[in-house]
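Here's the structure we're looking at; comments come further down.
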Amino acid sequence: MSGFLTLLKRDLLLAVREGGALGTALGFYLIVVTLMPLGLGPDLNLLTRIAPGVLWVALLLAALLSLPRLFEADHDDGSLDVLALGGLPLELMAASKALAHWLSTGIPLALMAPVLGILLNLEARAYPLVIATMLAGTPAISFLGSIGAALTLKTRRGGLLLALLVLPFYVPTLIFGISAISAALLAPDGFLASFLILTAISLVAMVLGPVAAAAALRQHMH
Amino acid sequence: MKPMSTDAQTTPQSLTQRLANPTRFMELSGVILPWLSALAAGIILYGLYLTFFVAPPDYQQGETVKIMFIHVPSAWLGMMGYAMIAISSFGLLVFRHPLADVSAKAAAPIGAAFTLLALITGSLWGKPMWGTYWVWDARLTSVLILFFLYLGLMALRSSLDDEALAAKQTAVLGLAGVVILPIIKFSVDWWNTLHQPASVVKMGGPAIHPSILYPLIINAVGFSILFLALHMKGMRNEVLRRRVKALRMAEVEQAARGREASTAASG
C-alpha cells in the first residue's frame with residue numbers, strides 16, 4: 001500500500017509543480033460555458049433551465065482534455081516500465097494514477113462549476129446539487145477515462161480518438177448526474193435514487209477502470 | 001500467427017480449439033460458405049415476398065409497418081454483432097485463439113452496418129408514425145451509443161500500426177464495452193421516464209398478430225444467416241490478407257538476406 005501512496009503523492013506533486021494542466025482545463029471549462037449563452041442567446045429563463053446540463057457536458061469535455069497526459073509522460077521517459085517492473089501491481093498503479101487525476105482535475109472542475117453557474121443564471125437551490133452530483137460523478141470520469149488513456153497510448157491522433165472511445169462510457173454518469181439534479185428540483189425526495197446510482201457507477205468505474213487500463217498497459221510492455 | 005502453447009497441445013483439443021486452426025477453418029468455411037450464402041439469399045427472397053405480397057398492412061400504420069421487417073432484424077443483428085465481438089475478444093485475451101481476433105475484426109463493420117441500418121430504417125419509420133425522424137427515446141439513444149462503440153472499436157484498430165497490439169487493445173475495449181452497454185441501456189430508460197414519459201412511443205401492442213409475426217421471423221432468420229455468411233467471408237478475407245502479408249514479409253526478408261550474402265561474398 002505504501003507504494004500506492006508514494007506514487008499518488010508523486011503524481012499529485014507533479015501535477016502541482018508542473019502546473020499548466022489544471023489551468024488549461026479550468027480555462028477550457030470557462031470558455032465552453034461562456035460560448036453557450038453566445039450561441040443560444042441571453043434569454044435568462046432558458047439559461048436557467050439548461051444550466052445544469054451545460055455545466056455537466058462542459059465538465060466532461062474539460063476533464064477529457066487532460067486525460068491523454070495520464071500515462072503519456074511516464075511512458076515517454078520510461079518510468080512506466082520501471083513502475084511495471086516494481087512490486088506494485090499494474091492495476092493499483094493505474095488506480096493511483098486515476099485517483100491522482102481525480103484529485104488534481106476532477107475536484108477542481110467540480111468546485112469551479114458553481115462559479116460558472118453564475119454565468120448561466122443557475123437557480124440558487126441547484127448549487128449544492130450541482131456540486132454534490134459532480135463530486136460523486138467525477139471519479140467515474142477519471143477512472144473510466146484511464147481505460148481510454150491506456151488504450152490510446154501509442155496511437156496516432158491519440159487525443160481525438162480518446163474522445164471517441166471514452167465519451168460513450170460517460171453517458172450513464174451524465175444521465176444520472178442530470179437526472180439527480182432535475183429530480184431534486186422537481187420533488188425534494190426524488191434526489192436520492194439517482195444520486196445513489198450515480199455513486200454506484202463511480203464505484204463500478206473504480207473497479208473496472210484500473211483492471212481494464214492495466215490490461216491495456218500490459219500489452220504495451222511486451 | 002502464434003504457435004499454440006505446449007500445454008494446449010498435450011491436452012486433448014476441444015471442438016473450438018480444433019476449429020480455431022486457421023487452415024482447418026479455411027477448408028471448412030470454403031465448403032460451407034456457398035451453401036450458407038445461397039440459403040441466406042433464398043430465405044431473404046422468400047421473406048421479402050411475404051413482406052410485400054402476403055403480410056397485411058397494419059390497420060393503424062398502413063403500409064409503413066413493412067419497414068419493421070427490415071428494421072427489427074437489423075437491430076437484433078446490430079446487438080448480435082457486438083455479442084460476437086465480445087465473445088471473440090474474450091477468446092483472444094483469455095484463450096489466445098488465433099482466429100478470435102480475425103472474428104472480432106470481421107464482425108465490427110458488419111455489426112456497425114446493421115446498427116446503422118436499424119437507425120436509418122427507424123428514422124424513416126418514425127417520420128410517418130411519430131412525425132419526426134428522431135426522438136430522444138431510450139431505445140434510440142442506446143442503439144446510437146452502440147453505434148458509437150462500433151466506431152470507437154474500428155477507429156482504435158485502424159490507428160495502431162502494430163497489428164498484434166491493435167488486436168489486444170481492441171479486445172480490451174470490446175470487453176469494457178460489454179460491461180457498459182447494459183448500464184447505458186438501463187440508464188437511458190431511467191432518464192427518459194423521468195423527463196418526458198408522455199412522448200415515449202411504443203410500437204404495436206404486446207401481441208403481434210401471427211400474419212405479421214411469421215414474415216418477421218422468416219426475415220430475421222434470413223438476415224441472421226446473411227450475417228453469418230458475411231462474417232465468414234470477412235474472416236476468410238482477413239486470413240488471406242494476413243497470409244499475403246506474411247508471404248510478402250518473408251520475401252522482403254529473403255531479398256535482404258540475399259543482398260547481405262552477396263555483399264559479404266564480394267567484400
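Every chain in the C-alpha cells has a letter given in the order shown (A, B, ...), and although residue numbers restart at 1 in each chain, ligands are simply numbered from 1 in the order shown.
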Problem set entry | At most 10 Å to chain A: residues in chain B, only C-alpha atoms, as an MDAnalysis selection string | chainID B and resid 93 142 144:153 155:162 164:173 175:177 179:181 183:188 190:192 194:195
Problem set entry | Shell of 9 Å around Phe69 of chain B, only C-alpha atoms, local chain residues under 2 positions omitted, as a PyMOL selection string | chain B and resi 47-48+51+65-67+71-74+212+215-217+219-220
For this session: Excluding Ala83 of chain B and any residue of its chain fewer than 2 positions from it, enumerate the residues within 12 Å of it, using only C-alpha atoms, and give them as a ChimeraX atom specification.
Result: /B:76-81,85-90,103-104,107-108,111,146,150,174-175,177-179,181
File dump, residues just selected, C-alpha atoms, as a PDB file, in the first residue's frame:
ATOM      1  CA  TRP B  76     -31.180  -7.613 -33.454  1.00  0.00           C
ATOM      2  CA  LEU B  77     -28.132  -8.243 -35.608  1.00  0.00           C
ATOM      3  CA  GLY B  78     -26.555  -4.984 -34.530  1.00  0.00           C
ATOM      4  CA  MET B  79     -26.619  -6.340 -30.996  1.00  0.00           C
ATOM      5  CA  MET B  80     -25.605  -9.828 -32.071  1.00  0.00           C
ATOM      6  CA  GLY B  81     -22.589  -8.351 -33.830  1.00  0.00           C
ATOM      7  CA  ILE B  85     -17.094  -9.157 -30.851  1.00  0.00           C
ATOM      8  CA  ALA B  86     -17.297  -9.593 -27.089  1.00  0.00           C
ATOM      9  CA  ILE B  87     -17.024 -13.385 -27.259  1.00  0.00           C
ATOM     10  CA  SER B  88     -14.148 -13.113 -29.731  1.00  0.00           C
ATOM     11  CA  SER B  89     -12.381 -10.542 -27.547  1.00  0.00           C
ATOM     12  CA  PHE B  90     -12.724 -12.856 -24.585  1.00  0.00           C
ATOM     13  CA  SER B 103     -13.539 -12.921 -35.964  1.00  0.00           C
ATOM     14  CA  ALA B 104     -13.689  -9.725 -33.906  1.00  0.00           C
ATOM     15  CA  ALA B 107     -17.690  -8.662 -37.084  1.00  0.00           C
ATOM     16  CA  ALA B 108     -17.143  -4.953 -36.362  1.00  0.00           C
ATOM     17  CA  GLY B 111     -22.402  -5.151 -36.880  1.00  0.00           C
ATOM     18  CA  LEU B 146     -23.942   1.089 -29.567  1.00  0.00           C
ATOM     19  CA  TYR B 150     -18.568   0.198 -33.004  1.00  0.00           C
ATOM     20  CA  GLY B 174     -14.644  -4.559 -26.658  1.00  0.00           C
ATOM     21  CA  LEU B 175     -14.898  -6.249 -23.275  1.00  0.00           C
ATOM     22  CA  GLY B 177     -17.961  -2.014 -23.764  1.00  0.00           C
ATOM     23  CA  VAL B 178     -19.861  -5.142 -22.767  1.00  0.00           C
ATOM     24  CA  VAL B 179     -19.872  -4.032 -19.155  1.00  0.00           C
ATOM     25  CA  LEU B 181     -23.706  -1.462 -22.617  1.00  0.00           C
TER      26      LEU B 181
END
Exercise. Between atom CA of Met221 of chain A and atom CA of Ala84 of chain A, what is the spacing in Å?
Worked result: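 That distance, rounded to one decimal, is 8.1 Å.
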For this session: Using DSSP on the backbone coordinates, identify all residues within segment 87-171 of chain A classified as helix (DSSP H, G or I); present the result as a count of residues only.
Result: 72
For this session: Please indicate the distance in Å from atom CA of Ile43 of chain B to atom CA of Ser224 of chain B, rounded to one decimal place.
Result: 10.2 Å
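In this model, the gap between atom CA of Tyr133 of chain B and atom CA of His209 of chain B comes to 26.2 Å.
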Exercise. Do you know which residues are at most 6 Å from segment 25-29 of chain A counting only C-alpha atoms, after dropping those on the same chain fewer than 3 positions away, and could you put them as a list in words?
Worked result: Leu22, Val32, Ala58 and Ala62 of chain A
Could you take the residues named above and write them with C-alpha atoms, as a tab-separated table (two decimals), in the first residue's frame?
chain	number	residue	atom	x	y	z
A	22	LEU	CA	-5.24	22.24	-14.30
A	32	VAL	CA	-17.06	26.41	-23.27
A	58	ALA	CA	-18.69	21.14	-20.42
A	62	ALA	CA	-12.78	19.77	-19.87
For this session: Considering only C-alpha atoms, state which residue in the set A:Leu186, A:Ala63, A:Ile131, A:Leu35 is at the smallest distance from Met112 of chain A.
Result: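 Among A:Leu186, A:Ala63, A:Ile131, A:Leu35, it is A:Ile131 that comes nearest to Met112 of chain A.
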Seminar exercise, completed: Of B:Tyr82, B:Glu27, B:Glu253, B:Ser37, the one nearest to Pro109 of chain B when counting only C-alpha atoms is B:Tyr82
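With only C-alpha atoms as the atoms that count, the minimum distance from Pro42 of chain A to the choices A:Tyr127, A:Ala132, A:Leu120, A:Ser202 is reached by A:Leu120.
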For this session: Write out as a ChimeraX atom specification which residues come within 10 Å of Leu119 of chain A when counting only C-alpha atoms, dropping same-chain ones fewer than 4 positions away.
Result: /A:30,33-34,36-37,44,47-48,51,114-115
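Compared by their closest atoms to Leu33 of chain B, and using only C-alpha atoms, the residues B:Val135, B:Ala100, B:Met68, B:Ile225 rank with B:Ile225 nearest.
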